[in-house]
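Pasted below: start_8.cif, mmCIF, C-alpha atoms and all ligand atoms.
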```cif
data_entry
loop_
_atom_site.label_atom_id
_atom_site.label_comp_id
_atom_site.auth_asym_id
_atom_site.auth_seq_id
_atom_site.Cartn_x
_atom_site.Cartn_y
_atom_site.Cartn_z
CA MET A 1452 252.25 187.15 171.46
CA ARG A 1453 251.94 183.92 169.49
CA ARG A 1454 252.63 184.31 165.80
CA PRO A 1455 250.60 182.47 163.18
CA ARG A 1456 252.37 179.26 162.10
CA LEU A 1457 252.20 178.52 158.41
CA GLU A 1458 252.67 174.81 158.88
CA ASN A 1459 249.28 174.75 160.62
CA SER A 1460 247.52 175.94 157.52
CA PRO A 1461 246.59 172.83 155.57
CA LEU A 1462 243.76 174.53 153.67
CA LEU A 1463 246.01 177.36 152.50
CA PHE A 1464 248.58 174.86 151.24
CA ALA A 1465 245.95 172.66 149.58
CA LYS A 1466 244.10 175.47 147.82
CA GLY A 1467 246.71 178.17 147.25
CA TYR A 1468 245.23 181.29 145.67
CA GLY A 1469 241.75 179.73 145.80
CA TRP A 1470 241.74 179.51 149.59
CA LEU A 1471 239.87 182.75 150.43
CA PRO A 1472 237.83 183.00 147.17
CA ASP A 1473 236.61 179.40 147.72
CA ALA A 1474 235.64 180.17 151.31
CA ARG A 1475 233.68 183.22 150.08
CA ARG A 1476 231.87 181.21 147.42
CA ALA A 1477 231.06 178.38 149.83
CA ARG A 1478 229.55 180.74 152.40
CA GLY A 1479 228.01 183.25 150.01
CA ARG A 1480 229.66 186.12 151.91
CA ARG A 1481 232.48 188.43 150.90
CA THR A 1482 233.89 188.46 154.43
CA VAL A 1483 234.83 185.07 155.85
CA ALA A 1484 236.13 183.82 159.18
CA VAL A 1485 238.99 181.36 158.59
CA ARG A 1486 242.01 180.11 160.49
CA LEU A 1487 245.61 180.84 159.53
CA GLY A 1488 248.27 178.87 161.30
CA GLY A 1489 246.00 177.94 164.16
CA LEU A 1490 244.89 181.56 164.74
CA PRO A 1491 241.48 183.02 163.93
CA ALA A 1492 241.60 185.24 160.86
CA LEU A 1493 239.09 187.31 158.93
CA GLY A 1494 239.40 187.18 155.14
CA ILE A 1495 238.27 190.48 153.64
CA GLN A 1496 238.08 191.93 150.15
CA GLY A 1497 237.09 195.10 148.28
CA PRO A 1498 238.18 198.75 148.25
CA ASP A 1499 236.36 199.54 151.49
CA ALA A 1500 237.90 196.46 153.13
CA ALA A 1501 241.34 197.60 151.98
CA ARG A 1502 240.72 201.01 153.57
CA PHE A 1503 239.78 199.22 156.79
CA LEU A 1504 242.97 197.13 156.78
CA TYR A 1505 245.29 200.06 156.10
CA ASP A 1506 243.95 202.03 159.07
CA GLU A 1507 246.56 201.56 161.81
CA ASP A 1508 243.79 201.85 164.34
CA HIS A 1509 242.42 198.52 163.05
CA VAL A 1510 245.44 196.49 161.97
CA HIS A 1511 249.09 196.38 163.05
CA ARG A 1512 251.91 194.63 161.21
CA SER A 1513 254.29 193.76 164.05
CA HIS A 1514 253.95 190.12 165.22
CA ALA A 1515 251.82 189.41 162.13
CA ILE A 1516 254.26 187.86 159.70
CA PRO A 1517 254.95 184.17 160.30
CA GLU A 1518 258.61 183.27 160.87
CA PRO A 1519 258.92 181.16 157.68
CA VAL A 1520 257.98 184.27 155.67
CA ARG A 1521 260.39 186.56 157.55
CA GLY A 1522 263.15 183.96 157.33
CA THR A 1523 262.90 183.79 153.54
CA LEU A 1524 261.01 186.63 151.85
CA PHE A 1525 261.36 189.78 153.96
CA GLY A 1526 264.14 189.22 156.52
CA LYS A 1527 264.05 189.91 160.25
CA GLY A 1528 263.53 193.53 161.25
CA ALA A 1529 262.27 194.48 157.77
CA VAL A 1530 260.14 197.58 157.10
CA HIS A 1531 257.19 195.25 156.46
CA THR A 1532 257.06 194.39 160.17
CA LEU A 1533 257.13 197.91 161.64
CA ASP A 1534 254.28 200.14 162.85
CA GLY A 1535 253.78 203.84 163.68
CA GLN A 1536 256.73 206.26 163.71
CA GLU A 1537 259.28 203.48 163.32
CA HIS A 1538 257.58 202.46 160.09
CA ARG A 1539 257.21 205.99 158.78
CA THR A 1540 260.89 206.84 159.28
CA ARG A 1541 262.13 203.61 157.66
CA LYS A 1542 259.55 203.89 154.90
CA ALA A 1543 260.71 207.42 154.05
CA MET A 1544 264.07 205.89 153.08
CA PHE A 1545 262.39 203.54 150.58
CA VAL A 1546 260.19 206.31 149.23
CA SER A 1547 263.24 208.53 148.61
CA LEU A 1548 265.01 205.65 146.82
CA LEU A 1549 262.16 204.23 144.78
CA MET A 1550 259.42 206.75 144.09
CA ASP A 1551 261.30 209.49 142.31
CA HIS A 1552 261.27 209.56 138.50
CA ASP A 1553 264.93 210.62 138.43
CA ARG A 1554 265.85 207.41 140.20
CA ILE A 1555 263.48 205.10 138.33
CA ALA A 1556 264.64 206.15 134.85
CA PRO A 1557 268.27 204.99 135.35
CA LEU A 1558 267.01 201.59 136.58
CA VAL A 1559 264.85 201.22 133.46
CA ASP A 1560 267.89 202.17 131.36
CA SER A 1561 270.02 199.56 133.18
CA ALA A 1562 267.34 196.91 132.65
CA THR A 1563 266.91 197.59 128.93
CA ALA A 1564 270.71 197.74 128.44
CA ALA A 1565 271.13 194.38 130.23
CA TRP A 1566 268.32 192.86 128.13
CA ASP A 1567 269.82 194.15 124.85
CA ALA A 1568 273.24 192.81 125.86
CA ALA A 1569 271.76 189.39 126.64
CA VAL A 1570 269.75 188.83 123.43
CA PRO A 1571 272.67 187.77 121.14
CA GLY A 1572 273.58 185.07 123.69
CA TRP A 1573 269.98 183.77 123.57
CA VAL A 1574 270.18 183.55 119.79
CA ASP A 1575 273.46 181.59 120.06
CA ARG A 1576 272.01 179.18 122.60
CA GLY A 1577 268.89 178.55 120.56
CA GLU A 1578 266.56 177.71 123.41
CA VAL A 1579 266.27 179.67 126.66
CA VAL A 1580 263.96 179.77 129.68
CA LEU A 1581 262.49 183.27 129.82
CA PHE A 1582 262.06 183.28 133.61
CA ASP A 1583 265.74 182.47 134.23
CA GLU A 1584 267.02 184.90 131.62
CA ALA A 1585 264.80 187.71 132.92
CA ALA A 1586 266.08 187.06 136.45
CA ALA A 1587 269.70 187.32 135.25
CA VAL A 1588 268.97 190.54 133.30
CA LEU A 1589 267.24 192.08 136.34
CA THR A 1590 270.00 190.98 138.74
CA ARG A 1591 272.61 192.70 136.55
CA ALA A 1592 270.44 195.83 136.31
CA ALA A 1593 269.39 195.98 139.98
CA CYS A 1594 272.91 195.56 141.34
CA ASP A 1595 274.44 198.11 138.94
CA TRP A 1596 271.73 200.61 139.77
CA ALA A 1597 271.88 200.00 143.53
CA GLY A 1598 275.69 200.21 143.73
CA VAL A 1599 276.20 196.57 144.74
CA PRO A 1600 279.48 195.32 143.24
CA LEU A 1601 278.89 192.20 141.12
CA THR A 1602 281.01 190.52 138.45
CA ASP A 1603 279.35 188.98 135.38
CA ASP A 1604 280.41 185.52 136.62
CA GLU A 1605 278.44 186.03 139.82
CA VAL A 1606 275.17 187.02 138.10
CA PRO A 1607 273.66 183.51 137.62
CA SER A 1608 274.19 182.38 141.22
CA VAL A 1609 272.97 185.69 142.70
CA ALA A 1610 269.92 185.58 140.40
CA ARG A 1611 269.19 182.03 141.57
CA ASP A 1612 269.43 183.06 145.24
CA LEU A 1613 267.25 186.16 144.83
CA THR A 1614 264.49 184.24 143.05
CA ALA A 1615 264.80 181.32 145.51
CA MET A 1616 263.94 183.67 148.42
CA VAL A 1617 260.65 184.51 146.72
CA ASP A 1618 259.96 181.02 145.46
CA GLY A 1619 260.27 179.35 148.86
CA PHE A 1620 258.39 181.62 151.26
CA ALA A 1621 255.03 179.84 151.30
CA THR A 1622 255.97 176.20 151.25
CA GLY A 1623 257.72 173.59 153.36
CA GLY A 1624 260.31 171.16 152.04
CA PRO A 1625 263.31 171.72 149.78
CA ARG A 1626 262.07 174.96 148.16
CA HIS A 1627 261.75 176.52 151.59
CA TRP A 1628 265.20 175.45 152.80
CA ARG A 1629 266.78 176.63 149.57
CA ALA A 1630 265.20 180.03 150.24
CA ARG A 1631 266.59 180.18 153.78
CA ARG A 1632 270.09 179.23 152.68
CA ALA A 1633 269.93 181.81 149.87
CA ARG A 1634 268.91 184.52 152.34
CA GLY A 1635 271.65 183.52 154.77
CA ARG A 1636 274.32 183.78 152.06
CA ARG A 1637 273.19 187.08 150.60
CA GLN A 1638 272.52 188.74 153.94
CA ALA A 1639 276.02 187.84 155.16
CA GLU A 1640 277.55 189.25 151.99
CA LEU A 1641 275.57 192.50 152.08
CA SER A 1642 276.20 192.98 155.84
CA ARG A 1643 279.93 192.89 155.04
CA LEU A 1644 279.41 195.35 152.21
CA VAL A 1645 277.62 197.79 154.54
CA ALA A 1646 280.39 197.47 157.16
CA ASP A 1647 283.05 198.03 154.47
CA VAL A 1648 281.24 201.06 153.05
CA ARG A 1649 281.00 202.55 156.53
CA SER A 1650 284.67 201.92 157.28
CA GLY A 1651 285.72 203.32 153.91
CA ALA A 1652 287.23 199.98 152.81
CA VAL A 1653 284.81 199.92 149.84
CA ALA A 1654 283.60 202.98 147.92
CA VAL A 1655 280.14 203.04 146.36
CA PRO A 1656 278.59 205.93 144.40
CA GLY A 1657 277.25 208.70 146.67
CA GLY A 1658 273.45 208.64 146.75
CA SER A 1659 273.29 205.02 145.53
CA VAL A 1660 270.93 202.61 147.27
CA VAL A 1661 273.82 201.04 149.21
CA ASP A 1662 275.09 204.48 150.28
CA VAL A 1663 271.64 205.69 151.40
CA VAL A 1664 270.85 202.50 153.35
CA ALA A 1665 274.31 202.52 155.00
CA ARG A 1666 273.78 206.13 156.16
CA HIS A 1667 270.07 205.88 157.06
CA ARG A 1668 269.08 206.70 160.65
CA ASP A 1669 266.00 205.10 162.16
CA ALA A 1670 263.36 206.80 164.33
CA ASP A 1671 265.64 206.34 167.38
CA GLY A 1672 268.39 208.33 165.63
CA GLU A 1673 270.61 205.23 165.31
CA ARG A 1674 272.05 203.78 162.12
CA LEU A 1675 270.76 200.37 161.06
CA ASP A 1676 272.88 197.52 162.35
CA PRO A 1677 274.64 195.84 159.38
CA HIS A 1678 272.25 192.88 159.51
CA THR A 1679 269.14 195.07 159.22
CA ALA A 1680 270.81 197.23 156.57
CA ALA A 1681 271.44 194.04 154.55
CA VAL A 1682 267.80 193.01 155.04
CA GLU A 1683 266.61 196.34 153.63
CA LEU A 1684 269.12 196.28 150.75
CA LEU A 1685 267.70 192.91 149.86
CA ASN A 1686 264.21 194.42 150.14
CA VAL A 1687 265.13 196.61 147.18
CA ILE A 1688 267.14 194.17 145.07
CA ARG A 1689 265.12 190.98 145.61
CA PRO A 1690 261.72 192.34 144.51
CA THR A 1691 263.29 194.12 141.55
CA VAL A 1692 264.55 190.74 140.37
CA ALA A 1693 261.11 189.28 141.16
CA ILE A 1694 259.74 191.29 138.24
CA SER A 1695 260.97 188.19 136.33
CA TRP A 1696 257.70 186.53 137.45
CA PHE A 1697 255.73 189.20 135.61
CA LEU A 1698 257.98 188.81 132.56
CA ALA A 1699 257.37 185.06 132.52
CA PHE A 1700 253.64 185.83 132.79
CA SER A 1701 254.01 188.32 129.92
CA GLY A 1702 255.60 185.53 127.85
CA HIS A 1703 252.69 183.29 128.79
CA ALA A 1704 250.15 185.95 127.76
CA LEU A 1705 251.89 186.59 124.42
CA ALA A 1706 251.90 182.84 123.73
CA ARG A 1707 248.23 182.43 124.68
CA TRP A 1708 246.91 185.65 123.13
CA PRO A 1709 249.34 186.57 120.33
CA GLN A 1710 246.91 189.15 118.98
CA HIS A 1711 248.36 191.62 121.52
CA GLY A 1712 251.95 191.20 120.30
CA GLU A 1713 252.02 193.79 117.53
CA ARG A 1714 250.54 196.59 119.62
CA LEU A 1715 252.88 195.83 122.54
CA ALA A 1716 255.91 195.75 120.22
CA SER A 1717 254.92 199.18 118.85
CA ALA A 1718 255.94 200.62 122.24
CA GLU A 1719 252.90 202.92 122.44
CA PRO A 1720 253.54 204.11 126.02
CA ALA A 1721 249.90 203.96 127.17
CA PHE A 1722 249.47 200.39 125.92
CA ALA A 1723 252.78 199.19 127.42
CA GLU A 1724 251.69 200.60 130.78
CA ALA A 1725 248.22 199.06 130.41
CA TRP A 1726 249.93 195.72 129.66
CA ALA A 1727 251.93 195.99 132.89
CA HIS A 1728 248.75 196.70 134.88
CA GLU A 1729 246.82 193.83 133.29
CA VAL A 1730 249.66 191.36 133.87
CA ARG A 1731 249.80 192.42 137.53
CA ARG A 1732 246.01 192.18 137.86
CA PHE A 1733 245.37 188.98 135.95
CA TYR A 1734 248.19 186.69 137.02
CA PRO A 1735 248.58 185.39 140.58
CA PHE A 1736 251.60 186.56 142.58
CA ALA A 1737 251.22 187.94 146.14
CA PRO A 1738 248.14 186.05 147.45
CA PHE A 1739 247.12 188.25 150.38
CA ILE A 1740 248.49 190.70 152.91
CA GLY A 1741 247.65 190.77 156.54
CA GLY A 1742 248.09 192.13 160.01
CA ARG A 1743 246.69 191.79 163.51
CA ALA A 1744 243.96 193.70 165.25
CA PRO A 1745 245.52 195.60 168.19
CA ARG A 1746 242.15 195.48 169.99
CA GLU A 1747 238.72 194.07 169.27
CA VAL A 1748 237.36 195.62 166.07
CA GLU A 1749 234.45 194.91 163.76
CA TRP A 1750 234.26 194.64 159.99
CA ASP A 1751 231.24 193.87 157.80
CA GLY A 1752 229.27 192.64 160.79
CA GLU A 1753 232.05 190.27 161.90
CA ARG A 1754 233.78 190.64 165.25
CA VAL A 1755 237.58 190.60 165.03
CA PRO A 1756 238.94 189.62 168.47
CA ALA A 1757 242.05 191.45 169.74
CA HIS A 1758 245.30 190.01 168.27
CA SER A 1759 243.57 187.92 165.61
CA MET A 1760 244.53 188.24 161.96
CA VAL A 1761 242.91 190.27 159.19
CA LEU A 1762 243.78 189.20 155.62
CA LEU A 1763 243.10 191.23 152.49
CA ASP A 1764 242.63 188.85 149.56
CA LEU A 1765 244.72 190.50 146.82
CA TYR A 1766 244.17 187.79 144.24
CA GLY A 1767 240.43 187.75 144.95
CA GLN A 1768 240.09 191.53 144.73
CA ASN A 1769 242.01 191.61 141.43
CA HIS A 1770 239.38 189.21 140.05
CA ASP A 1771 236.30 190.77 141.61
CA PRO A 1772 233.67 191.16 138.84
CA ALA A 1773 232.29 194.22 140.61
CA LEU A 1774 235.61 195.99 139.95
CA TRP A 1775 236.80 194.31 136.75
CA GLY A 1776 234.30 193.33 134.07
CA ASP A 1777 235.06 189.83 132.79
CA PRO A 1778 237.86 189.45 135.33
CA TYR A 1779 239.18 186.16 133.93
CA THR A 1780 239.70 187.64 130.46
CA PHE A 1781 243.18 189.06 129.80
CA ARG A 1782 242.42 192.46 128.32
CA PRO A 1783 245.11 195.17 128.67
CA GLU A 1784 242.79 197.68 126.94
CA ARG A 1785 240.68 197.80 130.11
CA PHE A 1786 243.36 200.08 131.57
CA LEU A 1787 243.50 202.48 128.61
CA ASP A 1788 240.40 204.44 129.54
CA ARG A 1789 240.29 203.94 133.24
CA GLU A 1790 241.54 205.87 136.25
CA ILE A 1791 242.76 203.41 138.86
CA GLY A 1792 241.49 204.17 142.36
CA ALA A 1793 244.06 203.93 145.16
CA PHE A 1794 242.22 200.98 146.74
CA GLU A 1795 241.14 199.11 143.57
CA LEU A 1796 244.08 197.41 141.84
CA VAL A 1797 245.96 195.65 144.61
CA PRO A 1798 248.75 193.31 143.37
CA GLN A 1799 251.18 195.38 145.43
CA GLY A 1800 248.88 196.62 148.16
CA ALA A 1801 246.59 199.66 148.32
CA GLY A 1802 246.31 203.25 149.56
CA ASP A 1803 249.20 205.69 149.85
CA PRO A 1804 252.63 204.02 149.67
CA SER A 1805 254.43 207.01 151.17
CA THR A 1806 252.62 206.64 154.48
CA ASN A 1807 251.24 203.11 154.71
CA HIS A 1808 252.67 199.66 153.88
CA ARG A 1809 251.76 199.72 150.20
CA CYS A 1810 254.67 198.62 148.02
CA PRO A 1811 256.99 201.56 147.29
CA GLY A 1812 258.30 199.66 144.25
CA GLU A 1813 255.10 199.78 142.24
CA GLN A 1814 256.20 202.54 139.84
CA VAL A 1815 259.52 200.71 139.44
CA THR A 1816 257.67 197.50 138.65
CA VAL A 1817 255.36 199.09 136.10
CA ALA A 1818 258.18 201.04 134.40
CA VAL A 1819 260.60 198.09 134.19
CA LEU A 1820 257.90 195.59 133.22
CA ALA A 1821 256.49 197.85 130.50
CA ALA A 1822 259.95 198.48 129.00
CA LEU A 1823 261.02 194.82 129.03
CA ALA A 1824 257.62 193.48 127.88
CA VAL A 1825 257.94 195.68 124.76
CA ARG A 1826 261.37 194.11 124.11
CA LEU A 1827 259.91 190.66 124.72
CA ALA A 1828 257.19 191.31 122.15
CA ARG A 1829 259.88 192.42 119.68
CA LEU A 1830 261.84 189.16 119.94
CA GLN A 1831 261.67 186.97 116.88
CA ALA A 1832 261.02 183.80 118.81
CA ASP A 1833 259.16 180.52 118.54
CA VAL A 1834 257.42 178.91 121.47
CA PRO A 1835 258.18 175.17 121.33
CA ALA A 1836 255.79 172.59 122.79
CA GLN A 1837 256.02 172.83 126.60
CA ASP A 1838 253.96 172.85 129.77
CA LEU A 1839 252.70 176.43 130.10
CA SER A 1840 250.14 175.56 132.78
CA ILE A 1841 250.01 177.73 135.90
CA SER A 1842 248.90 175.94 139.05
CA LEU A 1843 246.91 178.12 141.41
CA ARG A 1844 247.88 175.75 144.20
CA ARG A 1845 251.52 176.78 143.99
CA ILE A 1846 252.41 180.02 145.82
CA PRO A 1847 254.04 181.87 144.16
CA ALA A 1848 252.50 180.66 140.88
CA LYS A 1849 254.65 180.37 137.78
CA PRO A 1850 254.25 178.86 134.30
CA ALA A 1851 255.47 175.26 134.78
CA SER A 1852 258.08 175.45 132.01
CA GLY A 1853 259.30 178.92 132.97
CA VAL A 1854 258.36 179.82 129.32
CA VAL A 1855 260.84 178.29 126.89
CA LEU A 1856 261.63 180.42 123.84
CA ARG A 1857 263.59 179.65 120.69
CA VAL A 1858 265.05 183.04 119.92
CA ARG A 1859 266.06 183.85 116.33
CA GLY A 1860 266.71 187.56 116.72
CA THR A 1861 264.99 190.81 117.58
CA ASP A 1862 263.15 193.52 115.61
C1 LIG A 1901 255.67 195.74 149.97
C2 LIG A 1901 254.19 193.21 146.12
C3 LIG A 1901 257.98 194.82 143.60
C4 LIG A 1901 259.74 196.90 147.59
C5 LIG A 1901 254.92 194.98 149.11
C6 LIG A 1901 253.65 194.40 149.43
C7 LIG A 1901 253.24 193.68 148.36
C8 LIG A 1901 254.25 193.83 147.35
C9 LIG A 1901 251.95 192.87 148.23
C10 LIG A 1901 252.95 194.49 150.78
C11 LIG A 1901 251.97 195.62 150.83
C12 LIG A 1901 251.32 195.69 152.20
O1 LIG A 1901 251.63 194.90 153.08
O2 LIG A 1901 250.48 196.57 152.40
C13 LIG A 1901 255.15 193.37 145.15
C14 LIG A 1901 255.12 192.68 143.88
C15 LIG A 1901 256.19 193.12 143.17
C16 LIG A 1901 256.89 194.10 144.00
C17 LIG A 1901 254.09 191.66 143.44
C18 LIG A 1901 256.59 192.69 141.80
C19 LIG A 1901 257.74 192.17 141.57
C20 LIG A 1901 258.73 195.60 144.43
C21 LIG A 1901 259.91 196.33 144.04
C22 LIG A 1901 260.42 196.89 145.17
C23 LIG A 1901 259.55 196.55 146.28
C24 LIG A 1901 260.42 196.40 142.60
C25 LIG A 1901 261.64 197.73 145.34
C26 LIG A 1901 262.43 198.10 144.35
C27 LIG A 1901 258.81 196.70 148.59
C28 LIG A 1901 259.00 197.13 149.97
C29 LIG A 1901 257.81 196.82 150.66
C30 LIG A 1901 256.93 196.18 149.68
C31 LIG A 1901 260.24 197.81 150.55
C32 LIG A 1901 257.49 197.07 152.12
C33 LIG A 1901 256.69 198.34 152.27
C34 LIG A 1901 256.23 198.62 153.68
O3 LIG A 1901 256.09 197.69 154.48
O4 LIG A 1901 255.99 199.80 153.99
N1 LIG A 1901 255.26 194.64 147.81
N2 LIG A 1901 256.22 194.21 145.19
N3 LIG A 1901 258.54 195.77 145.79
N4 LIG A 1901 257.57 196.14 148.47
FE1 LIG A 1901 256.86 195.29 146.78
#
```
Represent the structure of the file as structure tokens.
Amino acid sequence: MRRPRLENSPLLFAKGYGWLPDARRARGRRTVAVRLGGLPALGIQGPDAARFLYDEDHVHRSHAIPEPVRGTLFGKGAVHTLDGQEHRTRKAMFVSLLMDHDRIAPLVDSATAAWDAAVPGWVDRGEVVLFDEAAAVLTRAACDWAGVPLTDDEVPSVARDLTAMVDGFATGGPRHWRARRARGRRQAELSRLVADVRSGAVAVPGGSVVDVVARHRDADGERLDPHTAAVELLNVIRPTVAISWFLAFSGHALARWPQHGERLASAEPAFAEAWAHEVRRFYPFAPFIGGRAPREVEWDGERVPAHSMVLLDLYGQNHDPALWGDPYTFRPERFLDREIGAFELVPQGAGDPSTNHRCPGEQVTVAVLAALAVRLARLQADVPAQDLSISLRRIPAKPASGVVLRVRGTD
């Protein structure tokens, strides 16, 4: 089956996050036929559309992810690309590692400890780039928590590689090749770690992420080959470090709307969590998710031919005025008095993460982001003149300056 080819998607590259919303506006319809990489695709949006996409009877994930995305962001053979029983068995491993409070709390503790240890260095250096510093803090925390051996000297280069894999997935040119080289290096290293753990040459804590992935058995009863085990280890560590995007966005929001700073710094748990939700809703990160119709299906009066793509517009749905009043206003309070439906807020997918492809790291993301955003708000820091613009044409989007801070201390 031919896979979609990203390089054949000039409109996506030209418009970025605006690609599907613009098509909807132009045609006055919420469901739009487009082309992705030379293949027909249907762009859909809304809670009912999300339900449609997550039904395995309508959309499959295998053969759906273009090679440039597998070769950088997810890795070959990743859980993202599996269907049916194979997916459920592999997914159960991630659920056991990531969706249990007793496992999330130590990661939050590692992240806050790494942040607190880093702050004096920021004061000494005077000016720091929040995105880079957050990535280093999260790399330290993620590796300690996961059981991946890492010296302090290695943190900056590993942080650079882990963020490069995310930064280069949806582009051609140097950013893309940097992402591929980064993945190659880190996969080779983690494959060796898995082989060494299995042979007993290296000991890691029992029950740690490395230990669980090394011992995991797939639906066929076989252990993961070291390459696939490394891919899945990276699928825990890389996105944990990618929370640095949301921290940079938090820095952007505090600079643009400083009126929220005091309440966030007060560490009121409900507000810190609401902050994390609003940052994930408001700012652009994952643009859309997609899969392929296994047979001809129909959605919203549109025919979806067998094997063509269906794309759920995450950015568009997170800014749908029917779901979010005043969607382009940053207002964390909107989440204080609101239950969030399973198919409404979709920065990390929708539905039930223990059975479908929804991100199993969502609780991790909210918990780590909330804890570190409170610390960010407590920094005594100035924001010097800089380019804080966020281009919606760049996927993944990021404040241009990375958010430069002059740190004087912390409350
Ligand atoms: C899947 C976004 C953090 C692990 C996904 C998906 C999205 C997403 C959009 C695809 C959902 C789908 O296809 O239905 C994000 C964003 C994050 C984040 C924006 C913020 C940094 C994390 C974290 C972890 C994680 C912290 C692990 C610690 C995964 C895994 C999958 C996934 C393993 C594949 C799930 C599957 O295919 O069943 N994420 N994620 N993510 N995410 Fe995240």
Residues of range 1464-1561 of chain A that have any atom at most 10 Å from an atom of range 1581-1595 of chain A: could you tabulate them with the shortest-distance atom pair and the distance in Å to one decimal, using only C-alpha atoms, ordered by chain and increasing number, as a tab-separated table?
```
residue	atom	partner	partner_atom	distance
A:Pro1557	CA	A:Ala1592	CA	9.5
A:Leu1558	CA	A:Ala1592	CA	6.7
A:Val1559	CA	A:Ala1592	CA	8.3
A:Asp1560	CA	A:Ala1592	CA	8.4
A:Ser1561	CA	A:Ala1592	CA	4.9
```
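Of the listed residues A:Ile1495, A:Leu1504, A:Ala1484, A:Ala1562, the one whose atoms come nearest to ligand LIG 1901 (chain A) is A:Leu1504, with distances taken using all atoms listed in the file.
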Contacts of chain A with ligand LIG 1901 (chain A) up to 6 Å, shortest pair per row, only C-alpha atoms and all ligand atoms, as a Markdown table:
```
| residue | atom | partner | partner_atom | distance |
| --- | --- | --- | --- | --- |
| A:Val1530 | CA | A:LIG1901 | O3 | 4.8 |
| A:His1531 | CA | A:LIG1901 | O3 | 3.3 |
| A:Lys1542 | CA | A:LIG1901 | O4 | 5.5 |
| A:Asn1686 | CA | A:LIG1901 | C31 | 5.2 |
| A:Val1687 | CA | A:LIG1901 | C25 | 4.1 |
| A:Pro1690 | CA | A:LIG1901 | C21 | 4.4 |
| A:Thr1691 | CA | A:LIG1901 | C24 | 3.8 |
| A:Ala1693 | CA | A:LIG1901 | C19 | 4.5 |
| A:Ile1694 | CA | A:LIG1901 | C19 | 4.0 |
| A:Phe1736 | CA | A:LIG1901 | C17 | 5.7 |
| A:Ala1737 | CA | A:LIG1901 | C9 | 5.4 |
| A:Ile1740 | CA | A:LIG1901 | O1 | 5.2 |
| A:Pro1798 | CA | A:LIG1901 | C17 | 5.6 |
| A:Gln1799 | CA | A:LIG1901 | C2 | 3.8 |
| A:Gly1800 | CA | A:LIG1901 | C11 | 4.2 |
| A:Asn1807 | CA | A:LIG1901 | O4 | 5.8 |
| A:His1808 | CA | A:LIG1901 | O4 | 3.3 |
| A:Arg1809 | CA | A:LIG1901 | O2 | 4.0 |
| A:Cys1810 | CA | A:LIG1901 | C1 | 3.6 |
| A:Pro1811 | CA | A:LIG1901 | C27 | 5.3 |
| A:Gly1812 | CA | A:LIG1901 | C22 | 3.6 |
| A:Glu1813 | CA | A:LIG1901 | C3 | 5.9 |
| A:Val1815 | CA | A:LIG1901 | C24 | 5.4 |
| A:Thr1816 | CA | A:LIG1901 | C24 | 4.9 |
```
Coordinates-based distance that separates CA of Arg1576 in chain A from CA of Leu1715 in chain A (Å, one decimal): 25.4 Å
I'd like the contact shell of range 1753-1767 of chain A - 8 Å cut-off, all atoms listed in the file, skipping same-chain residues fewer than 4 positions apart - returned as a ChimeraX atom specification. /A:1468,1471-1472,1482,1487,1490-1496,1500-1501,1504,1510,1515,1732,1735-1749,1771,1797-1798,1800
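A straight line drawn from CA of Leu1548 in chain A to CA of Val1660 in chain A is 6.7 Å long.
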I want to know what sits within 10 Å of range 1671-1676 of chain A, based on only C-alpha atoms, with residues of the same chain fewer than 2 positions away left out; could you give that as a VMD selection string? chain A and resid 1528 1536 to 1537 1540 to 1541 1642 1645 to 1646 1664 to 1669 1678 to 1683
With range 1829-1841 of chain A as the partner and 12 Å as the cut-off, tabulate the residues of range 1575-1682 of chain A that qualify, each row holding the nearest pair of atoms and their distance in Å to one decimal, using all atoms listed in the file, sorted by chain and rising number, as a tab-separated table.
```
residue	atom	partner	partner_atom	distance
A:Gly1577	CA	A:Ala1832	CA	9.6
A:Glu1578	CA	A:Pro1835	CA	9.0
A:Val1579	CA	A:Val1834	CA	10.3
A:Val1580	CA	A:Val1834	CA	10.5
A:Leu1581	CA	A:Val1834	CA	10.7
```
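You can rank A:Pro1571, A:Gly1860, A:Gly1467, A:Pro1783 by their closest distance to Val1730 in chain A using only C-alpha atoms, and at the top of that list sits A:Pro1783.
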With only C-alpha atoms as the atoms that count, which of A:Leu1524, A:Val1854, A:Ala1569, A:Ala1824 lies nearest to Met1616 in chain A? A:Leu1524
Of the listed residues A:Phe1781, A:Phe1700, A:Trp1708, A:Trp1775, that which approaches Ser1852 in chain A most closely, counting all atoms listed in the file: A:Phe1700
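Closest approach to His1514 in chain A among A:Asp1575, A:Asp1534, A:Asp1473, A:Asp1662 is made by A:Asp1534 (distances from all atoms listed in the file).
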Counting all atoms listed in the file, figure out which residue out of A:Ala1652, A:Ala1821, A:Ala1610, A:Ala1828 gets nearest to Ala1727 in chain A. A:Ala1821
